[in-house]
$ cat coords-v2.cif   # mmCIF, N, CA and C atoms
data_work
loop_
_atom_site.label_atom_id
_atom_site.label_comp_id
_atom_site.auth_asym_id
_atom_site.auth_seq_id
_atom_site.Cartn_x
_atom_site.Cartn_y
_atom_site.Cartn_z
N MET C 1 32.70 8.65 -24.16
CA MET C 1 32.24 7.91 -23.00
C MET C 1 33.31 6.88 -22.63
N SER C 2 33.58 6.77 -21.33
CA SER C 2 34.58 5.81 -20.88
C SER C 2 34.06 4.38 -21.02
N ALA C 3 34.98 3.44 -21.10
CA ALA C 3 34.60 2.03 -21.27
C ALA C 3 33.79 1.54 -20.08
N ASP C 4 34.13 1.97 -18.87
CA ASP C 4 33.38 1.48 -17.70
C ASP C 4 31.94 1.98 -17.71
N VAL C 5 31.73 3.23 -18.12
CA VAL C 5 30.37 3.76 -18.22
C VAL C 5 29.62 3.05 -19.35
N ALA C 6 30.29 2.79 -20.45
CA ALA C 6 29.65 2.09 -21.58
C ALA C 6 29.23 0.68 -21.17
N VAL C 7 30.06 0.00 -20.40
CA VAL C 7 29.72 -1.35 -19.93
C VAL C 7 28.51 -1.29 -19.00
N PHE C 8 28.53 -0.34 -18.07
CA PHE C 8 27.41 -0.21 -17.14
C PHE C 8 26.12 0.13 -17.89
N ASP C 9 26.20 1.03 -18.85
CA ASP C 9 25.03 1.37 -19.64
C ASP C 9 24.49 0.16 -20.39
N ARG C 10 25.37 -0.67 -20.90
CA ARG C 10 24.93 -1.88 -21.61
C ARG C 10 24.28 -2.87 -20.65
N LEU C 11 24.83 -2.99 -19.43
CA LEU C 11 24.21 -3.85 -18.43
C LEU C 11 22.81 -3.37 -18.09
N LEU C 12 22.64 -2.06 -17.95
CA LEU C 12 21.31 -1.51 -17.67
C LEU C 12 20.36 -1.79 -18.83
N GLU C 13 20.86 -1.64 -20.06
CA GLU C 13 20.03 -1.93 -21.23
C GLU C 13 19.59 -3.38 -21.24
N ILE C 14 20.50 -4.28 -20.95
CA ILE C 14 20.19 -5.72 -20.92
C ILE C 14 19.17 -6.01 -19.83
N ALA C 15 19.35 -5.42 -18.65
CA ALA C 15 18.40 -5.63 -17.55
C ALA C 15 17.00 -5.17 -17.95
N LEU C 16 16.91 -4.02 -18.58
CA LEU C 16 15.61 -3.51 -19.01
C LEU C 16 14.98 -4.39 -20.09
N LEU C 17 15.79 -4.87 -21.02
CA LEU C 17 15.27 -5.75 -22.07
C LEU C 17 14.74 -7.06 -21.49
N VAL C 18 15.49 -7.64 -20.57
CA VAL C 18 15.05 -8.90 -19.95
C VAL C 18 13.76 -8.67 -19.17
N GLN C 19 13.70 -7.58 -18.40
CA GLN C 19 12.51 -7.27 -17.62
C GLN C 19 11.29 -7.06 -18.54
N ALA C 20 11.47 -6.29 -19.60
CA ALA C 20 10.36 -6.03 -20.53
C ALA C 20 9.89 -7.31 -21.19
N ASP C 21 10.81 -8.17 -21.58
CA ASP C 21 10.44 -9.44 -22.21
C ASP C 21 9.69 -10.32 -21.22
N MET C 22 10.14 -10.35 -19.99
CA MET C 22 9.48 -11.17 -18.98
C MET C 22 8.05 -10.68 -18.75
N VAL C 23 7.88 -9.39 -18.61
CA VAL C 23 6.54 -8.83 -18.39
C VAL C 23 5.65 -9.15 -19.59
N ARG C 24 6.16 -8.96 -20.79
CA ARG C 24 5.38 -9.20 -22.01
C ARG C 24 4.95 -10.65 -22.12
N GLU C 25 5.83 -11.57 -21.78
CA GLU C 25 5.52 -13.00 -21.90
C GLU C 25 4.61 -13.51 -20.79
N LEU C 26 4.77 -12.99 -19.59
CA LEU C 26 4.09 -13.57 -18.44
C LEU C 26 2.80 -12.86 -18.05
N GLU C 27 2.66 -11.61 -18.43
CA GLU C 27 1.48 -10.84 -18.05
C GLU C 27 0.16 -11.48 -18.50
N PRO C 28 0.07 -12.01 -19.73
CA PRO C 28 -1.21 -12.63 -20.12
C PRO C 28 -1.62 -13.80 -19.23
N ALA C 29 -0.66 -14.43 -18.57
CA ALA C 29 -0.96 -15.56 -17.68
C ALA C 29 -1.23 -15.09 -16.25
N GLY C 30 -1.26 -13.77 -16.03
CA GLY C 30 -1.49 -13.24 -14.69
C GLY C 30 -0.28 -13.32 -13.80
N LEU C 31 0.89 -13.42 -14.41
CA LEU C 31 2.13 -13.52 -13.64
C LEU C 31 2.90 -12.21 -13.70
N THR C 32 3.24 -11.69 -12.53
CA THR C 32 4.11 -10.53 -12.41
C THR C 32 5.54 -11.05 -12.16
N PRO C 33 6.54 -10.19 -12.23
CA PRO C 33 7.88 -10.66 -11.88
C PRO C 33 7.95 -11.26 -10.47
N ALA C 34 7.28 -10.64 -9.50
CA ALA C 34 7.31 -11.17 -8.12
C ALA C 34 6.62 -12.53 -8.03
N ARG C 35 5.47 -12.67 -8.66
CA ARG C 35 4.76 -13.96 -8.65
C ARG C 35 5.60 -15.03 -9.35
N THR C 36 6.22 -14.64 -10.45
CA THR C 36 7.05 -15.59 -11.19
C THR C 36 8.23 -16.03 -10.36
N HIS C 37 8.84 -15.10 -9.64
CA HIS C 37 9.97 -15.44 -8.78
C HIS C 37 9.54 -16.46 -7.73
N LEU C 38 8.39 -16.24 -7.10
CA LEU C 38 7.91 -17.18 -6.10
C LEU C 38 7.62 -18.54 -6.74
N LEU C 39 6.98 -18.54 -7.88
CA LEU C 39 6.67 -19.78 -8.59
C LEU C 39 7.95 -20.55 -8.91
N TRP C 40 8.96 -19.82 -9.37
CA TRP C 40 10.25 -20.43 -9.71
C TRP C 40 10.92 -21.02 -8.47
N GLU C 41 10.82 -20.32 -7.34
CA GLU C 41 11.42 -20.84 -6.10
C GLU C 41 10.74 -22.14 -5.67
N VAL C 42 9.43 -22.21 -5.78
CA VAL C 42 8.72 -23.45 -5.43
C VAL C 42 9.13 -24.56 -6.40
N HIS C 43 9.29 -24.21 -7.67
CA HIS C 43 9.76 -25.18 -8.67
C HIS C 43 11.14 -25.72 -8.28
N ARG C 44 12.04 -24.83 -7.91
CA ARG C 44 13.42 -25.21 -7.57
C ARG C 44 13.51 -25.98 -6.25
N ARG C 45 12.77 -25.52 -5.24
CA ARG C 45 12.89 -26.04 -3.89
C ARG C 45 11.95 -27.20 -3.58
N GLY C 46 10.86 -27.28 -4.33
CA GLY C 46 9.81 -28.21 -3.97
C GLY C 46 8.89 -27.55 -2.96
N PRO C 47 7.94 -28.30 -2.41
CA PRO C 47 7.01 -27.72 -1.45
C PRO C 47 7.76 -26.96 -0.35
N SER C 48 7.31 -25.73 -0.09
CA SER C 48 8.03 -24.85 0.83
C SER C 48 7.06 -24.10 1.72
N SER C 49 7.53 -23.79 2.91
CA SER C 49 6.73 -22.95 3.79
C SER C 49 6.78 -21.51 3.29
N GLN C 50 5.78 -20.74 3.68
CA GLN C 50 5.76 -19.34 3.26
C GLN C 50 6.92 -18.59 3.90
N ARG C 51 7.32 -18.97 5.10
CA ARG C 51 8.46 -18.33 5.76
C ARG C 51 9.74 -18.59 4.96
N ALA C 52 9.94 -19.82 4.51
CA ALA C 52 11.12 -20.13 3.70
C ALA C 52 11.10 -19.36 2.39
N LEU C 53 9.92 -19.22 1.81
CA LEU C 53 9.80 -18.46 0.56
C LEU C 53 10.07 -16.98 0.79
N ALA C 54 9.62 -16.45 1.91
CA ALA C 54 9.88 -15.04 2.23
C ALA C 54 11.38 -14.81 2.35
N THR C 55 12.08 -15.73 2.98
CA THR C 55 13.53 -15.61 3.11
C THR C 55 14.19 -15.70 1.74
N ALA C 56 13.77 -16.65 0.93
CA ALA C 56 14.36 -16.83 -0.40
C ALA C 56 14.15 -15.62 -1.30
N LEU C 57 12.99 -14.98 -1.17
CA LEU C 57 12.66 -13.82 -2.01
C LEU C 57 13.09 -12.50 -1.37
N ASP C 58 13.54 -12.57 -0.12
CA ASP C 58 13.96 -11.39 0.63
C ASP C 58 12.82 -10.38 0.76
N VAL C 59 11.66 -10.90 1.14
CA VAL C 59 10.47 -10.07 1.37
C VAL C 59 9.84 -10.48 2.70
N THR C 60 8.84 -9.74 3.12
CA THR C 60 8.16 -10.07 4.37
C THR C 60 7.23 -11.27 4.17
N PRO C 61 6.95 -11.99 5.25
CA PRO C 61 5.97 -13.08 5.15
C PRO C 61 4.61 -12.57 4.66
N ARG C 62 4.23 -11.38 5.04
CA ARG C 62 2.95 -10.80 4.60
C ARG C 62 2.95 -10.63 3.07
N ASN C 63 4.08 -10.21 2.53
CA ASN C 63 4.22 -10.06 1.08
C ASN C 63 4.03 -11.41 0.39
N VAL C 64 4.63 -12.45 0.96
CA VAL C 64 4.51 -13.79 0.38
C VAL C 64 3.06 -14.26 0.43
N THR C 65 2.36 -13.93 1.50
CA THR C 65 0.96 -14.33 1.60
C THR C 65 0.16 -13.78 0.41
N GLY C 66 0.37 -12.51 0.08
CA GLY C 66 -0.32 -11.91 -1.06
C GLY C 66 0.05 -12.57 -2.38
N LEU C 67 1.34 -12.88 -2.53
CA LEU C 67 1.78 -13.54 -3.76
C LEU C 67 1.18 -14.94 -3.88
N VAL C 68 1.20 -15.69 -2.78
CA VAL C 68 0.63 -17.04 -2.78
C VAL C 68 -0.87 -16.97 -3.03
N ASP C 69 -1.56 -16.02 -2.40
CA ASP C 69 -3.00 -15.86 -2.64
C ASP C 69 -3.28 -15.69 -4.13
N ALA C 70 -2.52 -14.80 -4.78
CA ALA C 70 -2.74 -14.53 -6.21
C ALA C 70 -2.43 -15.75 -7.06
N LEU C 71 -1.35 -16.45 -6.74
CA LEU C 71 -1.00 -17.66 -7.51
C LEU C 71 -2.00 -18.79 -7.27
N GLU C 72 -2.49 -18.88 -6.06
CA GLU C 72 -3.48 -19.91 -5.74
C GLU C 72 -4.80 -19.61 -6.47
N GLU C 73 -5.17 -18.35 -6.49
CA GLU C 73 -6.41 -17.93 -7.17
C GLU C 73 -6.35 -18.26 -8.66
N ARG C 74 -5.17 -18.18 -9.26
CA ARG C 74 -5.00 -18.46 -10.69
C ARG C 74 -4.69 -19.93 -10.98
N GLY C 75 -4.58 -20.73 -9.92
CA GLY C 75 -4.41 -22.17 -10.11
C GLY C 75 -2.98 -22.67 -10.25
N TYR C 76 -1.98 -21.84 -9.92
CA TYR C 76 -0.58 -22.25 -10.06
C TYR C 76 -0.05 -23.00 -8.85
N VAL C 77 -0.54 -22.66 -7.67
CA VAL C 77 -0.08 -23.30 -6.44
C VAL C 77 -1.27 -23.64 -5.56
N ARG C 78 -1.01 -24.46 -4.56
CA ARG C 78 -2.01 -24.74 -3.53
C ARG C 78 -1.28 -24.81 -2.18
N ARG C 79 -2.03 -24.57 -1.14
CA ARG C 79 -1.50 -24.70 0.21
C ARG C 79 -1.88 -26.09 0.73
N GLU C 80 -0.92 -26.75 1.35
CA GLU C 80 -1.16 -28.09 1.90
C GLU C 80 -0.56 -28.16 3.30
N PRO C 81 -1.14 -28.97 4.16
CA PRO C 81 -0.55 -29.13 5.49
C PRO C 81 0.80 -29.84 5.40
N HIS C 82 1.71 -29.45 6.26
CA HIS C 82 3.00 -30.13 6.35
C HIS C 82 2.75 -31.55 6.87
N PRO C 83 3.45 -32.55 6.35
CA PRO C 83 3.15 -33.93 6.75
C PRO C 83 3.48 -34.25 8.22
N THR C 84 4.41 -33.50 8.83
CA THR C 84 4.80 -33.83 10.20
C THR C 84 4.66 -32.67 11.19
N ASP C 85 4.42 -31.47 10.70
CA ASP C 85 4.31 -30.31 11.59
C ASP C 85 3.04 -29.54 11.24
N ARG C 86 2.01 -29.72 12.02
CA ARG C 86 0.72 -29.14 11.69
C ARG C 86 0.69 -27.62 11.79
N ARG C 87 1.74 -27.01 12.35
CA ARG C 87 1.82 -25.55 12.41
C ARG C 87 2.24 -24.94 11.07
N ILE C 88 2.78 -25.76 10.18
CA ILE C 88 3.34 -25.27 8.91
C ILE C 88 2.42 -25.65 7.75
N THR C 89 2.21 -24.68 6.89
CA THR C 89 1.49 -24.91 5.64
C THR C 89 2.51 -24.82 4.52
N LEU C 90 2.48 -25.79 3.64
CA LEU C 90 3.40 -25.81 2.51
C LEU C 90 2.74 -25.27 1.24
N VAL C 91 3.51 -24.56 0.47
CA VAL C 91 3.07 -24.08 -0.84
C VAL C 91 3.61 -25.09 -1.85
N THR C 92 2.72 -25.67 -2.64
CA THR C 92 3.12 -26.66 -3.64
C THR C 92 2.57 -26.26 -5.01
N LEU C 93 3.21 -26.74 -6.04
CA LEU C 93 2.75 -26.48 -7.40
C LEU C 93 1.56 -27.37 -7.74
N THR C 94 0.62 -26.82 -8.45
CA THR C 94 -0.48 -27.60 -9.03
C THR C 94 0.01 -28.15 -10.37
N ASP C 95 -0.84 -28.90 -11.04
CA ASP C 95 -0.47 -29.38 -12.38
C ASP C 95 -0.17 -28.20 -13.31
N LEU C 96 -1.00 -27.15 -13.21
CA LEU C 96 -0.75 -25.95 -14.03
C LEU C 96 0.59 -25.32 -13.66
N GLY C 97 0.90 -25.27 -12.39
CA GLY C 97 2.18 -24.72 -11.95
C GLY C 97 3.36 -25.54 -12.46
N VAL C 98 3.21 -26.85 -12.44
CA VAL C 98 4.28 -27.74 -12.95
C VAL C 98 4.46 -27.52 -14.45
N ARG C 99 3.37 -27.47 -15.20
CA ARG C 99 3.47 -27.25 -16.65
C ARG C 99 4.07 -25.88 -16.95
N THR C 100 3.64 -24.88 -16.21
CA THR C 100 4.13 -23.52 -16.44
C THR C 100 5.61 -23.41 -16.15
N THR C 101 6.05 -23.95 -15.03
CA THR C 101 7.48 -23.84 -14.69
C THR C 101 8.33 -24.72 -15.62
N ALA C 102 7.78 -25.83 -16.08
CA ALA C 102 8.52 -26.65 -17.05
C ALA C 102 8.71 -25.86 -18.35
N GLN C 103 7.68 -25.14 -18.78
CA GLN C 103 7.79 -24.31 -19.99
C GLN C 103 8.76 -23.15 -19.75
N MET C 104 8.71 -22.55 -18.56
CA MET C 104 9.64 -21.47 -18.23
C MET C 104 11.08 -21.99 -18.28
N ASP C 105 11.30 -23.19 -17.74
CA ASP C 105 12.63 -23.78 -17.74
C ASP C 105 13.10 -24.05 -19.16
N ALA C 106 12.23 -24.58 -20.00
CA ALA C 106 12.59 -24.84 -21.40
C ALA C 106 12.90 -23.54 -22.13
N ASP C 107 12.07 -22.50 -21.91
CA ASP C 107 12.31 -21.20 -22.53
C ASP C 107 13.64 -20.61 -22.05
N HIS C 108 13.90 -20.75 -20.76
CA HIS C 108 15.14 -20.25 -20.15
C HIS C 108 16.36 -20.88 -20.86
N ARG C 109 16.32 -22.18 -21.02
CA ARG C 109 17.43 -22.90 -21.67
C ARG C 109 17.56 -22.52 -23.15
N ARG C 110 16.42 -22.38 -23.83
CA ARG C 110 16.44 -22.02 -25.25
C ARG C 110 17.02 -20.62 -25.46
N ILE C 111 16.57 -19.68 -24.67
CA ILE C 111 17.07 -18.31 -24.81
C ILE C 111 18.55 -18.24 -24.45
N ALA C 112 18.94 -18.92 -23.39
CA ALA C 112 20.35 -18.93 -22.99
C ALA C 112 21.22 -19.47 -24.12
N ALA C 113 20.80 -20.56 -24.72
CA ALA C 113 21.58 -21.14 -25.82
C ALA C 113 21.65 -20.17 -27.01
N HIS C 114 20.54 -19.52 -27.31
CA HIS C 114 20.50 -18.57 -28.42
C HIS C 114 21.44 -17.38 -28.18
N LEU C 115 21.45 -16.87 -26.96
CA LEU C 115 22.25 -15.68 -26.66
C LEU C 115 23.75 -15.91 -26.82
N VAL C 116 24.21 -17.12 -26.59
CA VAL C 116 25.65 -17.37 -26.68
C VAL C 116 26.01 -18.28 -27.86
N ASP C 117 25.05 -18.49 -28.76
CA ASP C 117 25.31 -19.31 -29.94
C ASP C 117 26.52 -18.74 -30.70
N GLY C 118 27.45 -19.58 -31.02
CA GLY C 118 28.63 -19.16 -31.77
C GLY C 118 29.81 -18.75 -30.92
N PHE C 119 29.62 -18.62 -29.60
CA PHE C 119 30.75 -18.31 -28.72
C PHE C 119 31.59 -19.58 -28.59
N ASP C 120 32.89 -19.46 -28.72
CA ASP C 120 33.70 -20.65 -28.45
C ASP C 120 33.75 -20.85 -26.94
N PRO C 121 34.01 -22.08 -26.50
CA PRO C 121 33.96 -22.38 -25.06
C PRO C 121 34.86 -21.48 -24.20
N ALA C 122 36.04 -21.16 -24.69
CA ALA C 122 36.95 -20.32 -23.91
C ALA C 122 36.38 -18.90 -23.76
N ARG C 123 35.83 -18.37 -24.84
CA ARG C 123 35.24 -17.02 -24.78
C ARG C 123 34.04 -17.02 -23.84
N LEU C 124 33.22 -18.06 -23.93
CA LEU C 124 32.04 -18.15 -23.07
C LEU C 124 32.46 -18.24 -21.60
N GLU C 125 33.48 -19.00 -21.30
CA GLU C 125 33.95 -19.12 -19.92
C GLU C 125 34.51 -17.79 -19.41
N ARG C 126 35.24 -17.07 -20.24
CA ARG C 126 35.74 -15.73 -19.85
C ARG C 126 34.58 -14.78 -19.58
N PHE C 127 33.60 -14.82 -20.46
CA PHE C 127 32.43 -13.97 -20.31
C PHE C 127 31.68 -14.29 -19.02
N ARG C 128 31.50 -15.57 -18.74
CA ARG C 128 30.83 -16.00 -17.50
C ARG C 128 31.61 -15.52 -16.29
N ALA C 129 32.93 -15.67 -16.31
CA ALA C 129 33.76 -15.23 -15.18
C ALA C 129 33.67 -13.71 -14.99
N ASP C 130 33.66 -12.97 -16.09
CA ASP C 130 33.54 -11.51 -15.99
C ASP C 130 32.18 -11.12 -15.43
N LEU C 131 31.12 -11.78 -15.88
CA LEU C 131 29.79 -11.49 -15.34
C LEU C 131 29.70 -11.85 -13.86
N ASP C 132 30.35 -12.95 -13.46
CA ASP C 132 30.38 -13.32 -12.05
C ASP C 132 31.04 -12.23 -11.22
N ALA C 133 32.13 -11.67 -11.74
CA ALA C 133 32.84 -10.60 -11.02
C ALA C 133 31.97 -9.35 -10.90
N VAL C 134 31.28 -8.99 -11.98
CA VAL C 134 30.40 -7.82 -11.95
C VAL C 134 29.24 -8.07 -10.97
N ALA C 135 28.66 -9.25 -11.01
CA ALA C 135 27.55 -9.57 -10.09
C ALA C 135 28.03 -9.52 -8.64
N ALA C 136 29.21 -10.03 -8.37
CA ALA C 136 29.76 -9.99 -7.00
C ALA C 136 29.92 -8.55 -6.53
N ARG C 137 30.39 -7.68 -7.42
CA ARG C 137 30.55 -6.27 -7.04
C ARG C 137 29.20 -5.60 -6.81
N LEU C 138 28.21 -5.95 -7.60
CA LEU C 138 26.87 -5.41 -7.38
C LEU C 138 26.30 -5.86 -6.03
N HIS C 139 26.55 -7.13 -5.69
CA HIS C 139 26.10 -7.63 -4.39
C HIS C 139 26.80 -6.85 -3.26
N GLU C 140 28.07 -6.59 -3.43
CA GLU C 140 28.81 -5.79 -2.42
C GLU C 140 28.19 -4.41 -2.27
N LEU C 141 27.86 -3.76 -3.39
CA LEU C 141 27.27 -2.43 -3.35
C LEU C 141 25.91 -2.44 -2.63
N MET C 142 25.17 -3.53 -2.78
CA MET C 142 23.84 -3.62 -2.20
C MET C 142 23.86 -4.06 -0.75
N ASP C 143 24.98 -4.57 -0.26
CA ASP C 143 25.08 -5.07 1.10
C ASP C 143 25.31 -3.91 2.05
N PRO C 144 24.33 -3.60 2.90
CA PRO C 144 24.49 -2.45 3.79
C PRO C 144 25.66 -2.63 4.76
N GLU C 145 26.03 -3.87 5.07
CA GLU C 145 27.16 -4.14 5.97
C GLU C 145 28.50 -3.80 5.32
N ALA C 146 28.55 -3.84 4.00
CA ALA C 146 29.82 -3.62 3.29
C ALA C 146 30.06 -2.14 2.98
N ARG C 147 29.03 -1.31 3.19
CA ARG C 147 29.18 0.11 2.88
C ARG C 147 30.01 0.83 3.93
N PRO C 148 30.83 1.80 3.47
CA PRO C 148 31.65 2.56 4.45
C PRO C 148 30.81 3.48 5.30
#
$ encode --input "coords-v2.cif" --output "structure tokens"
Amino acid sequence: MSADVAVFDRLLEIALLVQADMVRELEPAGLTPARTHLLWEVHRRGPSSQRALATALDVTPRNVTGLVDALEERGYVRREPHPTDRRITLVTLTDLGVRTTAQMDADHRRIAAHLVDGFDPARLERFRADLDAVAARLHELMDPEARP
């Protein structure tokens, strides 16, 4: 097997492992990958309109409505009126949402540290740069404007 195919196969393996771990950890809390992504965006951005969340998640506003409905039903988010524009409803985290995303953030940092434990700084920086290059190429492949 060529080195390029071996690298791609390893990337696929890592993607599947991360996805499986995420599903295993979050499913008992009623969180799917899509719901978790929306929850994380609200955590990162603060209170957000559903339109802004649809753009951030690259999904339709209707899709976001279903995700927000499910998260609201489980107590992670709530809808609130915008303070200055009554046409806009903001999605905000509840106390449960804040606690959950804080735990997700702590787990994220812990796992990241564990995965690169023992890497010297120069090796870690090279690895990060290589991953950035691979991610950029994947983005190019997925961009319909960049395709021949």
$ resolve_selection --input "coords-v2.cif" --expression "the PyMOL selection byres (((chain C and resi 71-78 and name CA) around 7) and name CA)" --output "PyMOL selection string"
chain C and resi 35+67-70+79-80+91-94+96-97
$ closest_residue --input "coords-v2.cif" --among "C:Ala15, C:Leu26, C:Ala106, C:Leu57" --to "Glu41 of chain C" --atoms "only C-alpha atoms"
C:Leu57
$ atom_distance --input "coords-v2.cif" --atom1 "atom CA of Thr32 of chain C" --atom2 "atom N of Ala135 of chain C"
24.6 Å
$ select_by_dssp --input "coords-v2.cif" --residues "chain C" --states "alpha helix (DSSP H)" --output "MDAnalysis selection string"
chainID C and resid 3:26 33:45 50:57 61:73 95:115 121:142
$ select_by_dssp --input "coords-v2.cif" --residues "chain C" --states "strand (DSSP E or B)" --output "MDAnalysis selection string"
chainID C and resid 48:49 77:81 89:93
$ atom_distance --input "coords-v2.cif" --atom1 "atom N of Val98 of chain C" --atom2 "atom C of Leu31 of chain C"
14.7 Å
$ residues_around --input "coords-v2.cif" --residues "Trp40 of chain C" --least-positions-apart "6" --cutoff "10 Å" --atoms "only C-alpha atoms" --output "PyMOL selection string"
chain C and resi 34+46+93+97-98+100-102+104-105
$ residues_around --input "coords-v2.cif" --residues "Pro61 of chain C" --least-positions-apart "3" --cutoff "6.5 Å" --atoms "all atoms listed in the file" --output "list of chain:residue names"
C:Gln50, C:Arg51, C:Ala54, C:Val64, C:Thr65, C:Gly66
$ write_last_selection --input "coords-v2.cif" --atoms "N, CA and C atoms" --output "PDB file, in the coordinates of the input"
ATOM      1  N   GLN C  50       5.780 -20.740   3.680  1.00  0.00           N
ATOM      2  CA  GLN C  50       5.760 -19.340   3.260  1.00  0.00           C
ATOM      3  C   GLN C  50       6.920 -18.590   3.900  1.00  0.00           C
ATOM      4  N   ARG C  51       7.320 -18.970   5.100  1.00  0.00           N
ATOM      5  CA  ARG C  51       8.460 -18.330   5.760  1.00  0.00           C
ATOM      6  C   ARG C  51       9.740 -18.590   4.960  1.00  0.00           C
ATOM      7  N   ALA C  54       9.620 -16.450   1.910  1.00  0.00           N
ATOM      8  CA  ALA C  54       9.880 -15.040   2.230  1.00  0.00           C
ATOM      9  C   ALA C  54      11.380 -14.810   2.350  1.00  0.00           C
ATOM     10  N   VAL C  64       4.630 -12.450   0.960  1.00  0.00           N
ATOM     11  CA  VAL C  64       4.510 -13.790   0.380  1.00  0.00           C
ATOM     12  C   VAL C  64       3.060 -14.260   0.430  1.00  0.00           C
ATOM     13  N   THR C  65       2.360 -13.930   1.500  1.00  0.00           N
ATOM     14  CA  THR C  65       0.960 -14.330   1.600  1.00  0.00           C
ATOM     15  C   THR C  65       0.160 -13.780   0.410  1.00  0.00           C
ATOM     16  N   GLY C  66       0.370 -12.510   0.080  1.00  0.00           N
ATOM     17  CA  GLY C  66      -0.320 -11.910  -1.060  1.00  0.00           C
ATOM     18  C   GLY C  66       0.050 -12.570  -2.380  1.00  0.00           C
TER      19      GLY C  66
END
$ atom_distance --input "coords-v2.cif" --atom1 "atom C of Asp132 of chain C" --atom2 "atom N of Thr60 of chain C"
26.5 Å
$ closest_residue --input "coords-v2.cif" --among "C:Val59, C:Ala20, C:Val134, C:Leu115" --to "Asp4 of chain C" --atoms "only C-alpha atoms"
C:Val134
$ closest_residue --input "coords-v2.cif" --among "C:Ser48, C:Leu39, C:Val23, C:Ala3" --to "Leu90 of chain C" --atoms "only C-alpha atoms"
C:Ser48
